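Participant: As input, take work-v2.pdb (PDB, C-alpha atoms):
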ATOM      1  CA  MET A   1       3.232 -26.197   3.662
ATOM      2  CA  LYS A   2       0.199 -26.451   1.429
ATOM      3  CA  SER A   3      -0.637 -25.040  -1.959
ATOM      4  CA  MET A   4      -4.033 -23.430  -2.471
ATOM      5  CA  THR A   5      -4.467 -25.503  -5.630
ATOM      6  CA  GLY A   6      -5.904 -28.990  -5.252
ATOM      7  CA  PHE A   7      -8.671 -31.440  -6.034
ATOM      8  CA  GLY A   8     -10.364 -34.076  -3.894
ATOM      9  CA  ARG A   9     -13.077 -36.604  -4.671
ATOM     10  CA  ALA A  10     -15.093 -39.061  -2.577
ATOM     11  CA  LYS A  11     -17.733 -41.713  -3.252
ATOM     12  CA  LEU A  12     -19.660 -43.328  -0.424
ATOM     13  CA  GLU A  13     -22.464 -45.893  -0.549
ATOM     14  CA  LYS A  14     -24.583 -45.856   2.575
ATOM     15  CA  ASN A  15     -28.238 -46.487   3.452
ATOM     16  CA  ASP A  16     -29.148 -47.319  -0.172
ATOM     17  CA  ARG A  17     -27.718 -44.028  -1.372
ATOM     18  CA  ILE A  18     -24.596 -43.084  -3.281
ATOM     19  CA  TYR A  19     -22.887 -39.885  -2.107
ATOM     20  CA  ARG A  20     -20.490 -38.252  -4.551
ATOM     21  CA  ILE A  21     -18.487 -35.216  -3.499
ATOM     22  CA  GLU A  22     -15.867 -33.215  -5.387
ATOM     23  CA  ILE A  23     -13.825 -30.304  -4.019
ATOM     24  CA  LYS A  24     -11.731 -27.972  -6.162
ATOM     25  CA  SER A  25      -9.518 -25.201  -4.828
ATOM     26  CA  VAL A  26      -7.457 -22.472  -6.514
ATOM     27  CA  ASN A  27      -5.535 -19.515  -5.153
ATOM     28  CA  HIS A  28      -7.457 -16.565  -3.744
ATOM     29  CA  LYS A  29      -6.661 -13.718  -1.377
ATOM     30  CA  TYR A  30      -9.364 -14.801   1.071
ATOM     31  CA  SER A  31     -11.611 -17.798   1.703
ATOM     32  CA  ASP A  32     -14.369 -17.979  -0.921
ATOM     33  CA  ILE A  33     -16.511 -21.114  -0.711
ATOM     34  CA  SER A  34     -19.126 -22.056  -3.321
ATOM     35  CA  ILE A  35     -21.376 -25.066  -2.646
ATOM     36  CA  LYS A  36     -23.537 -26.782  -5.251
ATOM     37  CA  MET A  37     -25.972 -29.486  -4.149
ATOM     38  CA  PRO A  38     -29.544 -30.635  -4.822
ATOM     39  CA  ARG A  39     -32.108 -28.193  -3.476
ATOM     40  CA  TYR A  40     -33.652 -30.834  -1.238
ATOM     41  CA  LEU A  41     -30.319 -31.015   0.625
ATOM     42  CA  SER A  42     -29.967 -27.251   1.099
ATOM     43  CA  PHE A  43     -30.499 -27.666   4.844
ATOM     44  CA  LEU A  44     -26.963 -29.127   4.950
ATOM     45  CA  GLU A  45     -25.234 -26.092   3.433
ATOM     46  CA  ASP A  46     -24.211 -24.351   6.684
ATOM     47  CA  LYS A  47     -22.779 -27.548   8.143
ATOM     48  CA  VAL A  48     -20.917 -28.314   4.929
ATOM     49  CA  ARG A  49     -19.491 -24.777   4.832
ATOM     50  CA  GLN A  50     -18.281 -25.013   8.437
ATOM     51  CA  LEU A  51     -16.577 -28.348   7.819
ATOM     52  CA  VAL A  52     -14.879 -27.102   4.642
ATOM     53  CA  THR A  53     -13.725 -23.918   6.399
ATOM     54  CA  LYS A  54     -12.205 -26.026   9.143
ATOM     55  CA  GLY A  55     -10.269 -28.101   6.596
ATOM     56  CA  ILE A  56      -9.257 -25.352   4.130
ATOM     57  CA  SER A  57      -8.282 -21.940   5.476
ATOM     58  CA  ARG A  58      -7.863 -19.949   2.253
ATOM     59  CA  GLY A  59      -8.594 -20.154  -1.463
ATOM     60  CA  LYS A  60     -11.447 -20.114  -3.953
ATOM     61  CA  ILE A  61     -13.160 -23.397  -3.133
ATOM     62  CA  GLU A  62     -15.914 -25.137  -5.099
ATOM     63  CA  VAL A  63     -17.810 -28.025  -3.494
ATOM     64  CA  TYR A  64     -20.074 -30.314  -5.546
ATOM     65  CA  ILE A  65     -22.404 -32.726  -3.727
ATOM     66  CA  ASN A  66     -24.675 -35.274  -5.337
ATOM     67  CA  VAL A  67     -26.801 -37.974  -3.685
ATOM     68  CA  LYS A  68     -28.507 -40.784  -5.591
ATOM     69  CA  ASN A  69     -31.120 -43.086  -4.068
ATOM     70  CA  VAL A  70     -30.508 -46.642  -5.295
ATOM     71  CA  SER A  71     -32.903 -48.511  -3.005
ATOM     72  CA  SER A  72     -34.942 -51.280  -4.614
ATOM     73  CA  GLY A  73     -38.100 -50.242  -2.785
ATOM     74  CA  SER A  74     -40.680 -47.794  -4.023
ATOM     75  CA  LYS A  75     -39.748 -44.130  -4.139
ATOM     76  CA  ASN A  76     -42.066 -41.274  -3.370
ATOM     77  CA  VAL A  77     -41.544 -38.903  -6.250
ATOM     78  CA  VAL A  78     -42.277 -35.226  -5.614
ATOM     79  CA  VAL A  79     -42.477 -32.523  -8.277
ATOM     80  CA  ASP A  80     -41.407 -29.060  -7.147
ATOM     81  CA  LYS A  81     -44.289 -27.154  -8.687
ATOM     82  CA  GLU A  82     -43.106 -23.731  -7.543
ATOM     83  CA  LEU A  83     -39.706 -24.272  -9.148
ATOM     84  CA  ALA A  84     -41.389 -25.550 -12.339
ATOM     85  CA  LYS A  85     -43.570 -22.425 -12.376
ATOM     86  CA  GLY A  86     -40.470 -20.263 -12.199
ATOM     87  CA  TYR A  87     -38.768 -22.174 -15.016
ATOM     88  CA  ILE A  88     -41.855 -21.856 -17.252
ATOM     89  CA  SER A  89     -42.167 -18.137 -16.563
ATOM     90  CA  GLU A  90     -38.553 -17.525 -17.531
ATOM     91  CA  MET A  91     -38.939 -19.687 -20.655
ATOM     92  CA  HIS A  92     -41.932 -17.660 -21.826
ATOM     93  CA  GLU A  93     -39.942 -14.489 -21.233
ATOM     94  CA  LEU A  94     -37.132 -15.783 -23.449
ATOM     95  CA  ILE A  95     -39.609 -16.853 -26.136
ATOM     96  CA  LYS A  96     -41.083 -13.331 -26.308
ATOM     97  CA  MET A  97     -37.709 -11.600 -26.098
ATOM     98  CA  TYR A  98     -36.001 -13.574 -28.854
ATOM     99  CA  ASN A  99     -39.029 -14.688 -30.890
ATOM    100  CA  LEU A 100     -38.299 -18.352 -30.268
ATOM    101  CA  LYS A 101     -40.433 -21.371 -31.018
ATOM    102  CA  ASP A 102     -42.730 -22.273 -28.122
ATOM    103  CA  ASP A 103     -41.945 -25.975 -27.709
ATOM    104  CA  ILE A 104     -42.204 -26.222 -23.940
ATOM    105  CA  SER A 105     -43.405 -29.668 -22.919
ATOM    106  CA  VAL A 106     -43.914 -31.544 -19.679
ATOM    107  CA  THR A 107     -41.076 -33.873 -20.612
ATOM    108  CA  SER A 108     -38.606 -31.027 -21.129
ATOM    109  CA  ILE A 109     -39.631 -29.406 -17.842
ATOM    110  CA  MET A 110     -39.250 -32.638 -15.896
ATOM    111  CA  ARG A 111     -35.632 -32.877 -17.082
ATOM    112  CA  LEU A 112     -34.707 -29.532 -15.516
ATOM    113  CA  PRO A 113     -32.510 -29.529 -12.384
ATOM    114  CA  ASP A 114     -34.231 -30.237  -9.053
ATOM    115  CA  ILE A 115     -37.744 -30.475 -10.525
ATOM    116  CA  ILE A 116     -38.124 -34.082  -9.366
ATOM    117  CA  THR A 117     -37.036 -35.063  -5.872
ATOM    118  CA  ASN A 118     -37.630 -37.919  -3.474
ATOM    119  CA  SER A 119     -39.722 -37.304  -0.395
ATOM    120  CA  ASP A 120     -37.470 -39.353   1.858
ATOM    121  CA  ILE A 121     -35.733 -36.529   3.687
ATOM    122  CA  GLU A 122     -37.529 -37.213   6.929
ATOM    123  CA  ASP A 123     -34.277 -38.193   8.637
ATOM    124  CA  GLU A 124     -32.008 -35.175   8.204
ATOM    125  CA  GLU A 125     -29.432 -36.601  10.606
ATOM    126  CA  LEU A 126     -29.047 -39.659   8.384
ATOM    127  CA  TYR A 127     -28.208 -37.468   5.394
ATOM    128  CA  TRP A 128     -25.818 -35.274   7.369
ATOM    129  CA  ASN A 129     -23.866 -38.170   8.878
ATOM    130  CA  ALA A 130     -23.307 -39.767   5.489
ATOM    131  CA  THR A 131     -22.540 -36.448   3.784
ATOM    132  CA  LYS A 132     -20.085 -35.566   6.548
ATOM    133  CA  GLU A 133     -18.301 -38.903   6.181
ATOM    134  CA  ALA A 134     -17.957 -38.487   2.418
ATOM    135  CA  LEU A 135     -16.942 -34.844   2.782
ATOM    136  CA  GLU A 136     -14.186 -35.725   5.242
ATOM    137  CA  ILE A 137     -12.807 -38.269   2.753
ATOM    138  CA  ALA A 138     -12.817 -35.631  -0.006
ATOM    139  CA  LEU A 139     -11.179 -33.075   2.297
ATOM    140  CA  GLU A 140      -8.442 -35.542   3.167
ATOM    141  CA  ALA A 141      -7.866 -36.191  -0.542
ATOM    142  CA  ILE A 142      -7.606 -32.507  -1.398
ATOM    143  CA  SER A 143      -5.355 -31.951   1.620
ATOM    144  CA  ASP A 144      -2.942 -34.599   0.308
ATOM    145  CA  ALA A 145      -3.002 -32.990  -3.149
ATOM    146  CA  LYS A 146      -2.350 -29.543  -1.682
ATOM    147  CA  GLU A 147       0.532 -30.889   0.412
ATOM    148  CA  ASN A 148       2.116 -32.527  -2.636
ATOM    149  CA  GLU A 149       1.851 -29.303  -4.594
ATOM    150  CA  GLY A 150       3.122 -27.367  -1.564
ATOM    151  CA  GLU A 151       6.216 -29.571  -1.411
ATOM    152  CA  LYS A 152       7.015 -28.683  -5.028
ATOM    153  CA  LEU A 153       6.632 -24.978  -4.234
ATOM    154  CA  LYS A 154       8.869 -25.379  -1.197
ATOM    155  CA  ILE A 155      11.653 -27.021  -3.225
ATOM    156  CA  ASP A 156      11.479 -24.250  -5.825
ATOM    157  CA  ILE A 157      11.545 -21.458  -3.224
ATOM    158  CA  GLU A 158      14.426 -23.075  -1.317
ATOM    159  CA  ALA A 159      16.475 -23.237  -4.519
ATOM    160  CA  ARG A 160      15.806 -19.562  -5.225
ATOM    161  CA  LEU A 161      16.717 -18.619  -1.647
ATOM    162  CA  GLU A 162      20.017 -20.432  -2.065
ATOM    163  CA  THR A 163      20.691 -18.410  -5.215
ATOM    164  CA  ILE A 164      19.780 -15.154  -3.442
ATOM    165  CA  SER A 165      22.026 -16.056  -0.502
ATOM    166  CA  LYS A 166      24.977 -16.504  -2.877
ATOM    167  CA  TYR A 167      24.248 -13.157  -4.529
ATOM    168  CA  VAL A 168      24.083 -11.423  -1.134
ATOM    169  CA  GLU A 169      27.451 -12.919  -0.149
ATOM    170  CA  ILE A 170      28.997 -11.532  -3.345
ATOM    171  CA  VAL A 171      27.413  -8.128  -2.635
ATOM    172  CA  LYS A 172      28.933  -8.215   0.841
ATOM    173  CA  GLU A 173      32.391  -8.991  -0.577
ATOM    174  CA  LYS A 174      32.116  -6.274  -3.211
ATOM    175  CA  SER A 175      30.969  -3.668  -0.698
ATOM    176  CA  SER A 176      33.984  -4.245   1.559
ATOM    177  CA  GLY A 177      36.275  -2.629  -1.024
ATOM    178  CA  LEU A 178      34.059   0.294  -1.979
ATOM    179  CA  ILE A 179      35.602   2.782   0.449
ATOM    180  CA  GLU A 180      39.170   2.078  -0.608
ATOM    181  CA  GLU A 181      38.065   2.186  -4.237
ATOM    182  CA  TYR A 182      36.423   5.570  -3.698
ATOM    183  CA  LYS A 183      39.508   6.936  -1.939
ATOM    184  CA  THR A 184      41.720   5.814  -4.816
ATOM    185  CA  LYS A 185      39.436   7.418  -7.397
ATOM    186  CA  LEU A 186      39.272  10.609  -5.349
ATOM    187  CA  MET A 187      43.065  10.858  -5.105
ATOM    188  CA  ASN A 188      43.468  10.162  -8.806
ATOM    189  CA  ARG A 189      40.967  12.891  -9.624
ATOM    190  CA  ILE A 190      42.735  15.366  -7.346
ATOM    191  CA  ASN A 191      46.048  14.545  -8.993
ATOM    192  CA  GLU A 192      44.523  14.978 -12.442
ATOM    193  CA  LEU A 193      43.350  18.444 -11.436
ATOM    194  CA  GLY A 194      46.748  19.261  -9.955
ATOM    195  CA  ALA A 195      45.147  20.055  -6.612
ATOM    196  CA  ASN A 196      47.126  17.596  -4.492
ATOM    197  CA  ASN A 197      49.072  20.434  -2.874
ATOM    198  CA  ILE A 198      45.943  22.471  -2.183
ATOM    199  CA  ILE A 199      43.672  19.913  -0.491
ATOM    200  CA  ASP A 200      45.003  18.543   2.784
ATOM    201  CA  GLU A 201      44.720  14.981   4.118
ATOM    202  CA  ASN A 202      42.056  15.953   6.681
ATOM    203  CA  ARG A 203      39.731  17.170   3.948
ATOM    204  CA  ILE A 204      40.241  13.997   1.945
ATOM    205  CA  GLY A 205      39.659  11.904   5.061
ATOM    206  CA  MET A 206      36.396  13.769   5.756
ATOM    207  CA  GLU A 207      35.156  13.091   2.221
ATOM    208  CA  VAL A 208      35.961   9.399   2.577
ATOM    209  CA  VAL A 209      34.111   9.192   5.915
ATOM    210  CA  LEU A 210      31.047  10.908   4.431
ATOM    211  CA  PHE A 211      31.065   8.488   1.503
ATOM    212  CA  ALA A 212      31.435   5.501   3.830
ATOM    213  CA  ASP A 213      28.490   6.642   5.929
ATOM    214  CA  LYS A 214      26.336   7.282   2.878
ATOM    215  CA  SER A 215      27.162   4.075   0.997
ATOM    216  CA  SER A 216      27.410   1.577   3.858
ATOM    217  CA  ILE A 217      25.092  -1.405   3.265
ATOM    218  CA  CYS A 218      26.194  -3.546   6.223
ATOM    219  CA  GLU A 219      22.879  -3.198   8.040
ATOM    220  CA  GLU A 220      20.849  -3.968   4.937
ATOM    221  CA  VAL A 221      22.936  -7.045   4.126
ATOM    222  CA  THR A 222      22.616  -8.282   7.722
ATOM    223  CA  ARG A 223      18.835  -7.817   7.709
ATOM    224  CA  LEU A 224      18.513  -9.461   4.302
ATOM    225  CA  ASN A 225      20.445 -12.527   5.505
ATOM    226  CA  SER A 226      18.238 -12.607   8.601
ATOM    227  CA  HIS A 227      15.101 -12.540   6.417
ATOM    228  CA  ILE A 228      16.487 -15.396   4.313
ATOM    229  CA  ASP A 229      16.970 -17.506   7.465
ATOM    230  CA  SER A 230      13.464 -16.629   8.698
ATOM    231  CA  LEU A 231      11.925 -17.591   5.358
ATOM    232  CA  ARG A 232      13.709 -20.941   5.372
ATOM    233  CA  LYS A 233      12.269 -21.663   8.817
ATOM    234  CA  MET A 234       8.789 -20.620   7.679
ATOM    235  CA  LEU A 235       8.902 -23.148   4.851
ATOM    236  CA  ASP A 236       9.113 -25.921   7.459
ATOM    237  CA  ALA A 237       6.263 -24.530   9.589
ATOM    238  CA  THR A 238       2.778 -26.052   9.702
ATOM    239  CA  GLY A 239      -0.512 -24.271   9.146
ATOM    240  CA  PRO A 240      -1.367 -21.356   6.836
ATOM    241  CA  ILE A 241       1.820 -19.337   6.179
ATOM    242  CA  GLY A 242       1.213 -17.786   2.750
ATOM    243  CA  LYS A 243       0.453 -14.266   3.998
ATOM    244  CA  LYS A 244       3.419 -14.290   6.397
ATOM    245  CA  ILE A 245       5.802 -15.336   3.636
ATOM    246  CA  ASP A 246       4.380 -12.700   1.301
ATOM    247  CA  PHE A 247       5.019  -9.991   3.904
ATOM    248  CA  LEU A 248       8.570 -11.236   4.510
ATOM    249  CA  VAL A 249       9.336 -11.246   0.770
ATOM    250  CA  GLN A 250       8.182  -7.604   0.631
ATOM    251  CA  GLU A 251      10.646  -6.773   3.421
ATOM    252  CA  MET A 252      13.431  -8.555   1.542
ATOM    253  CA  ASN A 253      12.601  -6.578  -1.577
ATOM    254  CA  ARG A 254      12.724  -3.335   0.432
ATOM    255  CA  GLU A 255      16.193  -4.112   1.813
ATOM    256  CA  THR A 256      17.390  -5.044  -1.684
ATOM    257  CA  ASN A 257      16.148  -1.733  -3.089
ATOM    258  CA  THR A 258      18.007   0.148  -0.360
ATOM    259  CA  ILE A 259      21.213  -1.730  -1.171
ATOM    260  CA  GLY A 260      20.829  -0.795  -4.834
ATOM    261  CA  SER A 261      20.297   2.887  -4.060
ATOM    262  CA  LYS A 262      23.191   3.166  -1.573
ATOM    263  CA  ALA A 263      25.907   1.085  -3.218
ATOM    264  CA  ASN A 264      27.565   3.214  -5.875
ATOM    265  CA  ASN A 265      28.902   0.245  -7.821
ATOM    266  CA  LEU A 266      27.836  -1.251 -11.155
ATOM    267  CA  GLU A 267      28.533  -4.859 -10.168
ATOM    268  CA  ILE A 268      26.441  -4.540  -7.022
ATOM    269  CA  THR A 269      23.665  -2.873  -9.022
ATOM    270  CA  ASN A 270      23.622  -5.827 -11.420
ATOM    271  CA  LEU A 271      23.506  -8.255  -8.478
ATOM    272  CA  VAL A 272      20.602  -6.300  -6.995
ATOM    273  CA  VAL A 273      18.710  -6.778 -10.263
ATOM    274  CA  ASP A 274      19.384 -10.533 -10.074
ATOM    275  CA  ILE A 275      18.190 -10.675  -6.444
ATOM    276  CA  LYS A 276      15.006  -8.749  -7.258
ATOM    277  CA  THR A 277      14.302 -11.119 -10.154
ATOM    278  CA  GLU A 278      14.529 -14.138  -7.837
ATOM    279  CA  LEU A 279      12.382 -12.396  -5.220
ATOM    280  CA  GLU A 280       9.708 -11.669  -7.814
ATOM    281  CA  ASN A 281       9.714 -15.330  -8.830
ATOM    282  CA  ILE A 282       9.336 -16.331  -5.173
ATOM    283  CA  ARG A 283       6.491 -13.892  -4.699
ATOM    284  CA  GLU A 284       4.650 -15.393  -7.666
ATOM    285  CA  GLN A 285       4.992 -18.830  -6.072
ATOM    286  CA  VAL A 286       3.880 -17.487  -2.694
ATOM    287  CA  GLN A 287       0.547 -16.427  -4.193
ATOM    288  CA  ASN A 288      -0.296 -20.161  -4.408
ATOM    289  CA  ILE A 289       0.588 -20.961  -0.793
ATOM    290  CA  GLU A 290      -2.249 -21.394   1.688
TER
END
Could you quickly redo this structure as structure tokens?

Facilitator:
Amino acid sequence: MKSMTGFGRAKLEKNDRIYRIEIKSVNHKYSDISIKMPRYLSFLEDKVRQLVTKGISRGKIEVYINVKNVSSGSKNVVVDKELAKGYISEMHELIKMYNLKDDISVTSIMRLPDIITNSDIEDEELYWNATKEALEIALEAISDAKENEGEKLKIDIEARLETISKYVEIVKEKSSGLIEEYKTKLMNRINELGANNIIDENRIGMEVVLFADKSSICEEVTRLNSHIDSLRKMLDATGPIGKKIDFLVQEMNRETNTIGSKANNLEITNLVVDIKTELENIREQVQNIE
């Protein structure tokens, strides 16, 4: 089981270049991948996205890629004039809008992101192979981090399931005496009203049967225990299971609500509140599971 929260980093030196990659992931309902890299490497974006999607199924994922040429030979420097033109145009717009000082210089423009690049991208395959290697290292690192965090979530959820299981067992014990308790209260009430000679045993028996049918929670308790067992098995499964667990927790909450509405007993009602509290805590944890 993996958490959706993690961080992975990789550094690779290859072909006189240093590749640095960082991957951050946080919880998200779907898969949302953001990739930031130098513009001259934009041709790699689709391949990077596919590889990240293969390694991380869900979450808000940010990928940072940087490549530095450290070769001792001469470098062919290229200025992206179109990008510089766009920067300058926007700067002039800001100067007019906010009445700023016009101190635009060549030096300041050359410092802007992606203005200066190296014209050594003739071998795209070379860049992709190295980027892929570094990316796989980073993905492995974030996978380990997500597994470690997932193990912590698993331990917490298992402990809460154990608590819920104990509460359900108490509910089951309490419910077994509800019918007899109701019959006793009914007879006492009849005696208080002095109607014990008016109402026959058949009528009393019918009332008890109706109460038993209305307040029986055997099915709900059985289903709730079954859901607890299923959830425990899910925690040991591999692959993305967050959405499945979330759905199962909703079903457990539904059965718990039914128990609370059917069982006419204060102690059981209090136990239902305790169970729902634990379920809500589990559901909060589940939001971080991939």

Participant: Rounded to one decimal place, report the atom CA of A:Val272-atom CA of A:Glu251 distance in Å.

Facilitator: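 Atom CA of A:Glu251 lies 14.4 Å from atom CA of A:Val272.
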
Participant: Counting only C-alpha atoms, what is within 8 Å of stretch 148-158 of chain A, bar same-chain residues fewer than 4 positions away, as number ranges by chain?

Facilitator: A: 1-3, 5-6, 144, 162, 232, 235, 282, 285, 289

Participant: For the provided coordinates, the residues matched by the PyMOL selection byres ((chain A and resi 18) around 8) should be stated as number ranges by chain.

Facilitator: A: 11-14, 16-17, 19-20, 67-70

Participant: Applying the PyMOL selection byres ((chain A and resi 220) around 8) to the file I just gave you, which residues come out? Please list them as a ChimeraX atom specification.

Facilitator: /A:217-219,221-224,255-256,258-259

Participant: Enumerate, as a ChimeraX atom specification, the residues matched when the PyMOL selection byres ((chain A and resi 234) around 12) is run on the file above.

Facilitator: /A:1,154,157-158,227-233,235-249,286,289

Participant: Would you pick out the contacts of A:Glu136 at 9 Å or less, using only C-alpha atoms, so that residues sharing its chain but fewer than 4 positions from it are not included, and give the list as an mmCIF file with C-alpha atoms, in the frame of the given file?

Facilitator:
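What landed in part-v1.cif:
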data_model
loop_
_atom_site.group_PDB
_atom_site.id
_atom_site.type_symbol
_atom_site.label_atom_id
_atom_site.label_comp_id
_atom_site.auth_asym_id
_atom_site.auth_seq_id
_atom_site.Cartn_x
_atom_site.Cartn_y
_atom_site.Cartn_z
ATOM 1 C CA ALA A 10 -15.093 -39.061 -2.577
ATOM 2 C CA LEU A 51 -16.577 -28.348 7.819
ATOM 3 C CA VAL A 52 -14.879 -27.102 4.642
ATOM 4 C CA GLY A 55 -10.269 -28.101 6.596
ATOM 5 C CA THR A 131 -22.540 -36.448 3.784
ATOM 6 C CA LYS A 132 -20.085 -35.566 6.548
ATOM 7 C CA GLU A 140 -8.442 -35.542 3.167
ATOM 8 C CA ALA A 141 -7.866 -36.191 -0.542
#

Participant: Between A:Gln50, A:Asn264, A:Ser25, A:Thr107, single out the one closest to A:Gly8, counting all atoms listed in the file.

Facilitator: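 For A:Gly8, the nearest of the candidates is A:Ser25.
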
Participant: What is the atom CA of A:Lys81-atom CA of A:Ile115 distance in Å, reported with one decimal?

Facilitator: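 Answer for the atom CA of A:Lys81 to atom CA of A:Ile115 separation: 7.6 Å.
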
Participant: Return the single residue from A:Ile268, A:Ile35, A:Leu94, A:Ile56 that is closest to A:Ile142, with distances computed using all atoms listed in the file.

Facilitator: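 Checking each candidate against A:Ile142, we get A:Ile56 as the closest.
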
Participant: Write out as a list in words the residues lying within 9 Å of stretch 82-86 of chain A, counting all atoms listed in the file and excluding same-chain residues fewer than 6 positions away.

Facilitator: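 Once the adjacent positions are removed, what remains is Ile109, Met110, Leu112, Asp114 and Ile115 of chain A.
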
Participant: Atom CA of A:Glu290 to atom CA of A:Met4: how many Å, to one decimal?

Facilitator: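 Interatomic distance here is 5.0 Å.
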
Participant: Using all atoms listed in the file, which of A:Thr269, A:Ser34, A:Met97, A:Asp80 sits nearest A:Asp46?

Facilitator: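 Of all the options, A:Ser34 lies closest to A:Asp46.
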
Participant: Do you know which residues are at most 10 Å from A:Met91 counting all atoms listed in the file, after dropping those on the same chain fewer than 4 positions away, and could you put them as a list in words?

Facilitator: Lys85, Gly86, Tyr87, Ile95, Lys96, Met97, Leu100, Asp102, Asp103 and Ile104 of chain A

Participant: Could you tell me which of A:Asn129, A:Ser226, A:Ser31, A:Gln287 comes closest to A:Ser165 if we count only C-alpha atoms?

Facilitator: A:Ser226

Participant: Under the rule that only C-alpha atoms are counted, which of A:Pro113, A:Gly59, A:Pro38, A:Gly260 is the nearest residue to A:Lys24?

Facilitator: A:Gly59

Participant: Mind rebuilding stretch 56-71 of chain A with N, CA and C atoms and writing that out as a PDB file, in the frame of the given file?

Facilitator:
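Once everything was written out, this is rebuild-v9.pdb:
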ATOM      1  N   ILE A  56      -9.978 -26.184   5.100  1.00  0.00           N
ATOM      2  CA  ILE A  56      -9.257 -25.352   4.130  1.00  0.00           C
ATOM      3  C   ILE A  56      -9.372 -23.897   4.572  1.00  0.00           C
ATOM      4  N   SER A  57      -8.246 -23.281   4.884  1.00  0.00           N
ATOM      5  CA  SER A  57      -8.282 -21.940   5.476  1.00  0.00           C
ATOM      6  C   SER A  57      -8.397 -20.823   4.445  1.00  0.00           C
ATOM      7  N   ARG A  58      -7.868 -21.050   3.228  1.00  0.00           N
ATOM      8  CA  ARG A  58      -7.863 -19.949   2.253  1.00  0.00           C
ATOM      9  C   ARG A  58      -7.883 -20.502   0.840  1.00  0.00           C
ATOM     10  N   GLY A  59      -8.521 -19.755  -0.067  1.00  0.00           N
ATOM     11  CA  GLY A  59      -8.594 -20.154  -1.463  1.00  0.00           C
ATOM     12  C   GLY A  59     -10.001 -20.002  -2.010  1.00  0.00           C
ATOM     13  N   LYS A  60     -10.128 -20.098  -3.316  1.00  0.00           N
ATOM     14  CA  LYS A  60     -11.447 -20.114  -3.953  1.00  0.00           C
ATOM     15  C   LYS A  60     -11.841 -21.580  -4.076  1.00  0.00           C
ATOM     16  N   ILE A  61     -12.830 -21.980  -3.300  1.00  0.00           N
ATOM     17  CA  ILE A  61     -13.160 -23.397  -3.133  1.00  0.00           C
ATOM     18  C   ILE A  61     -14.545 -23.680  -3.705  1.00  0.00           C
ATOM     19  N   GLU A  62     -14.639 -24.708  -4.537  1.00  0.00           N
ATOM     20  CA  GLU A  62     -15.914 -25.137  -5.099  1.00  0.00           C
ATOM     21  C   GLU A  62     -16.209 -26.556  -4.615  1.00  0.00           C
ATOM     22  N   VAL A  63     -17.396 -26.730  -4.030  1.00  0.00           N
ATOM     23  CA  VAL A  63     -17.810 -28.025  -3.494  1.00  0.00           C
ATOM     24  C   VAL A  63     -19.034 -28.508  -4.264  1.00  0.00           C
ATOM     25  N   TYR A  64     -18.958 -29.721  -4.802  1.00  0.00           N
ATOM     26  CA  TYR A  64     -20.074 -30.314  -5.546  1.00  0.00           C
ATOM     27  C   TYR A  64     -20.544 -31.558  -4.787  1.00  0.00           C
ATOM     28  N   ILE A  65     -21.837 -31.591  -4.469  1.00  0.00           N
ATOM     29  CA  ILE A  65     -22.404 -32.726  -3.727  1.00  0.00           C
ATOM     30  C   ILE A  65     -23.587 -33.296  -4.499  1.00  0.00           C
ATOM     31  N   ASN A  66     -23.565 -34.607  -4.667  1.00  0.00           N
ATOM     32  CA  ASN A  66     -24.675 -35.274  -5.337  1.00  0.00           C
ATOM     33  C   ASN A  66     -25.024 -36.545  -4.563  1.00  0.00           C
ATOM     34  N   VAL A  67     -26.328 -36.780  -4.387  1.00  0.00           N
ATOM     35  CA  VAL A  67     -26.801 -37.974  -3.685  1.00  0.00           C
ATOM     36  C   VAL A  67     -27.815 -38.685  -4.567  1.00  0.00           C
ATOM     37  N   LYS A  68     -27.609 -39.989  -4.758  1.00  0.00           N
ATOM     38  CA  LYS A  68     -28.507 -40.784  -5.591  1.00  0.00           C
ATOM     39  C   LYS A  68     -29.101 -41.913  -4.765  1.00  0.00           C
ATOM     40  N   ASN A  69     -30.426 -42.015  -4.783  1.00  0.00           N
ATOM     41  CA  ASN A  69     -31.120 -43.086  -4.068  1.00  0.00           C
ATOM     42  C   ASN A  69     -31.171 -44.323  -4.963  1.00  0.00           C
ATOM     43  N   VAL A  70     -30.565 -45.411  -4.490  1.00  0.00           N
ATOM     44  CA  VAL A  70     -30.508 -46.642  -5.295  1.00  0.00           C
ATOM     45  C   VAL A  70     -31.244 -47.794  -4.609  1.00  0.00           C
ATOM     46  N   SER A  71     -32.163 -47.456  -3.697  1.00  0.00           N
ATOM     47  CA  SER A  71     -32.903 -48.511  -3.005  1.00  0.00           C
ATOM     48  C   SER A  71     -33.844 -49.208  -3.969  1.00  0.00           C
TER      49      SER A  71
END
